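Here is the structure we will look at.
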Amino acid sequence: MKKLSIIILAIIQTLIFASCKSVTTDSDKLQVYTSFYAMYDFAKQIGGDKADVYLLCPSGQEPHDFEPTAQDIAKLSQSDVFIYNGMGMEHWTDSVTASLNGDVAIVKATDKIKLNKFTAGDPHVWLNPDNAYTQLRAIAEAYKSKDPANKDYYEKNLKECKEKIERLKQDLETAKNMFSSHSIVVSHYAYSHLCDVIDVSPYAVNGTDNSGDPTPQRMAEIENYIKDNNIKYIFTEPLGTSDIMKAIAKDTGCEILVLDPFEGSSENKDYFNVMYENIAALTQALN
Ligand SMILES: [Zn+2]
């Protein structure tokens with residue numbers, strides 16, 4: 001973190017000496033920087049062809065331990081809008097946002113999210129479609145204030161997202177009503193918001209930031225939980241199946257399925273593609 005502060009200070013000094021405040025691009029579109037994939041996808045869904053959206057944490061990379069380069073921060077400081085999730089998802093944003101001048105609209109997309117006793121402490125809020133809509137709306141508001149000439153366009157895109165969100169909620173409800181069991185084992189603590197919607201208990205092998213391996217005692221607890229709840233599938237993530245998850249599957253005879261927290265996806269999938277893949281995987285595991 002100390003290193004990051006020094007880098008930021010150096011960037012601020014460079015900017016002051018250069019007296020350069022304008023966005024150094026020929027594009028007349030909104031210049032938008034986003035911290036990781038979910039924010040990038042939401043920023044594109046609202047921005048359409050009126051925004052150039054940039055992704056800081058490269059697709060396919062784990063966002064929890066990502067840190068932007070000095071070059072990234074220099075570019076971001078000259079953009080129109082910076083969108084991040086907050087709630088500890090990106091540990092580097094406080095010092096970066098403090099260094100930005102007032103020209104960059106900052107969207108902390110969890111600002112208006114309501115938490116409950118099941119979801120407090122889990123930053124992966126977008127996996128509940130209502131929360132995803134709150135985040136999309138916050139992005140639309142920022143675009144409208146930065147680019148009022150295209151206000152109607154951003155509102156139209158938000159309305160289209162709202163319709164897809166409503167369909168997704170109905171389809172999650174339909175899937176939920178068919179589940180015959182209600183316990184899942186997942187690789188990291190990312191699914192409380194999704195599970196809250198579908199009335200499922202997530203048992204996470206790793207914590208919120210997806211780091212560290214469980215102790216042998218914890219491994220035994222996990223494997224007992226799987227046996228006690230007659231679980232036949234465990235969930236890993238698209239960024240890879242850890243040796244721990246493979247060991248658990250081998251010990252318990254479970255099959256491995258993928259549940260996508262939509263935090264570092266590749267293949268240009270959007271939120272709705274991923275949520276429907278998640279519904280299919282959950283349906284397979286819980287029926
Ligand atoms: Zn995560």
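Numbering starts fresh at 1 for the residues of each chain in the structure tokens, the chains themselves are lettered A, B, ... in the order given, and ligands are numbered from 1 as they appear.
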_With DSSP run on the backbone, what are the strand (DSSP E) residues within segment 121-227 of chain A? I'd like them as a ChimeraX atom specification._
/A:183-188,201-206
*Which neighbours of segment 220-237 of chain A fall inside 12 Å, counting only C-alpha atoms, when residues of the same chain fewer than 5 positions from it are skipped, and could you give them as a PyMOL selection string?*
chain A and resi 60+62+180-191+201-206+210+214-215+242-266+274+277-278+281-287
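Taking atom CA of Ser27 of chain A and atom CA of Lys146 of chain A as endpoints, the distance between them is 14.9 Å.
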*For Thr119 of chain A, work out the shell of residues within 9 Å, counting only C-alpha atoms and skipping chain neighbours fewer than 5 positions away, then give it as a PyMOL selection string.*
chain A and resi 125+191-193+196
*Could you tell me which of A:Asp152, A:Asp52, A:Glu90, A:Glu160 comes closest to ligand 1 if we count only C-alpha atoms and all ligand atoms?*
A:Glu90
_Taking the DSSP secondary structure from the backbone, can you list the residues of segment 140-268 of chain A that are helix (DSSP H, G or I), as a PyMOL selection string?_
chain A and resi 140-146+148-178+192-198+216-228+243-252
Next, dump the selected residues to file, keeping only C-alpha atoms, as an mmCIF file, in the first residue's frame.
data_model
loop_
_atom_site.group_PDB
_atom_site.id
_atom_site.type_symbol
_atom_site.label_atom_id
_atom_site.label_comp_id
_atom_site.auth_asym_id
_atom_site.auth_seq_id
_atom_site.Cartn_x
_atom_site.Cartn_y
_atom_site.Cartn_z
ATOM 1 C CA ALA A 140 -26.816 5.572 -15.495
ATOM 2 C CA GLU A 141 -27.117 8.527 -13.090
ATOM 3 C CA ALA A 142 -23.388 9.279 -13.391
ATOM 4 C CA TYR A 143 -23.499 9.076 -17.205
ATOM 5 C CA LYS A 144 -26.524 11.380 -17.332
ATOM 6 C CA SER A 145 -24.810 14.026 -15.217
ATOM 7 C CA LYS A 146 -21.575 13.819 -17.239
ATOM 8 C CA PRO A 148 -26.717 15.193 -20.401
ATOM 9 C CA ALA A 149 -27.041 15.379 -24.207
ATOM 10 C CA ASN A 150 -27.452 11.570 -24.262
ATOM 11 C CA LYS A 151 -29.671 11.335 -21.184
ATOM 12 C CA ASP A 152 -32.526 9.619 -23.041
ATOM 13 C CA TYR A 153 -30.160 7.036 -24.506
ATOM 14 C CA TYR A 154 -28.821 5.998 -21.082
ATOM 15 C CA GLU A 155 -32.351 5.871 -19.675
ATOM 16 C CA LYS A 156 -33.473 3.624 -22.531
ATOM 17 C CA ASN A 157 -30.561 1.226 -21.864
ATOM 18 C CA LEU A 158 -31.370 1.188 -18.148
ATOM 19 C CA LYS A 159 -35.021 0.402 -18.937
ATOM 20 C CA GLU A 160 -33.965 -2.517 -21.163
ATOM 21 C CA CYS A 161 -31.760 -3.835 -18.344
ATOM 22 C CA LYS A 162 -34.705 -3.527 -15.936
ATOM 23 C CA GLU A 163 -36.843 -5.734 -18.190
ATOM 24 C CA LYS A 164 -34.102 -8.396 -18.338
ATOM 25 C CA ILE A 165 -33.649 -8.151 -14.562
ATOM 26 C CA GLU A 166 -37.384 -8.768 -14.012
ATOM 27 C CA ARG A 167 -37.294 -11.850 -16.287
ATOM 28 C CA LEU A 168 -34.193 -13.129 -14.489
ATOM 29 C CA LYS A 169 -35.905 -12.714 -11.113
ATOM 30 C CA GLN A 170 -38.901 -14.714 -12.332
ATOM 31 C CA ASP A 171 -36.627 -17.461 -13.683
ATOM 32 C CA LEU A 172 -34.684 -17.618 -10.403
ATOM 33 C CA GLU A 173 -38.011 -17.942 -8.564
ATOM 34 C CA THR A 174 -39.113 -20.771 -10.864
ATOM 35 C CA ALA A 175 -35.795 -22.595 -10.355
ATOM 36 C CA LYS A 176 -35.969 -22.070 -6.583
ATOM 37 C CA ASN A 177 -39.433 -23.643 -6.418
ATOM 38 C CA MET A 178 -38.061 -26.781 -8.073
ATOM 39 C CA SER A 192 -24.657 -15.029 0.006
ATOM 40 C CA HIS A 193 -26.563 -12.488 -2.119
ATOM 41 C CA LEU A 194 -27.550 -15.067 -4.732
ATOM 42 C CA CYS A 195 -28.393 -17.710 -2.130
ATOM 43 C CA ASP A 196 -30.498 -15.216 -0.177
ATOM 44 C CA VAL A 197 -32.753 -14.902 -3.256
ATOM 45 C CA ILE A 198 -33.103 -18.635 -3.897
ATOM 46 C CA PRO A 216 -6.938 -30.304 7.923
ATOM 47 C CA GLN A 217 -9.545 -29.849 10.673
ATOM 48 C CA ARG A 218 -11.579 -27.512 8.443
ATOM 49 C CA MET A 219 -11.236 -29.991 5.541
ATOM 50 C CA ALA A 220 -12.766 -32.668 7.766
ATOM 51 C CA GLU A 221 -15.646 -30.318 8.671
ATOM 52 C CA ILE A 222 -16.318 -29.555 5.009
ATOM 53 C CA GLU A 223 -16.300 -33.215 4.038
ATOM 54 C CA ASN A 224 -18.594 -34.105 6.932
ATOM 55 C CA TYR A 225 -20.964 -31.338 5.866
ATOM 56 C CA ILE A 226 -21.065 -32.837 2.352
ATOM 57 C CA LYS A 227 -21.838 -36.328 3.695
ATOM 58 C CA ASP A 228 -24.411 -35.120 6.263
ATOM 59 C CA ASP A 243 -6.259 -28.510 -5.699
ATOM 60 C CA ILE A 244 -8.302 -28.204 -2.496
ATOM 61 C CA MET A 245 -11.599 -28.457 -4.385
ATOM 62 C CA LYS A 246 -10.245 -31.408 -6.390
ATOM 63 C CA ALA A 247 -9.211 -33.116 -3.139
ATOM 64 C CA ILE A 248 -12.656 -32.560 -1.603
ATOM 65 C CA ALA A 249 -14.350 -33.959 -4.719
ATOM 66 C CA LYS A 250 -12.063 -37.011 -4.677
ATOM 67 C CA ASP A 251 -12.563 -37.695 -0.950
ATOM 68 C CA THR A 252 -16.359 -37.362 -1.071
#
*Smallest atom-to-atom distance to Asp209 of chain A: which of A:Pro58, A:Asp111, A:Thr93, A:Phe66, using only C-alpha atoms?*
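So, comparing all the options, the nearest one is A:Phe66.
Here atom CA of Ile139 of chain A is placed at a distance of 21.2 Å from atom CA of Ser95 of chain A.
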*What is the distance between atom CA of Cys57 of chain A and atom CA of Met275 of chain A, in Å to one decimal?*
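So the answer is 20.9 Å.
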_Pick from A:Met89, A:Val53, A:Leu115, A:Leu136, whichever lies nearest to ligand 1 using only C-alpha atoms and all ligand atoms_ =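 The closest residue to ligand 1 is A:Met89.
Checking A:Gln45, A:Asn131, A:Gln61, A:Ser99 one by one against ligand 1, counting only C-alpha atoms and all ligand atoms, you find the shortest gap at A:Gln61.
Here the question is which of A:Thr208, A:Gln135, A:Ser59, A:Thr110 gets nearest to ligand 1 using only C-alpha atoms and all ligand atoms, and that residue is A:Thr208.
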*So, counting only C-alpha atoms and all ligand atoms, which residue among A:Leu55, A:Ala38, A:Val104, A:Val32 is closest to ligand 1?*
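The shortest atom-to-atom distance to ligand 1 comes from A:Ala38.
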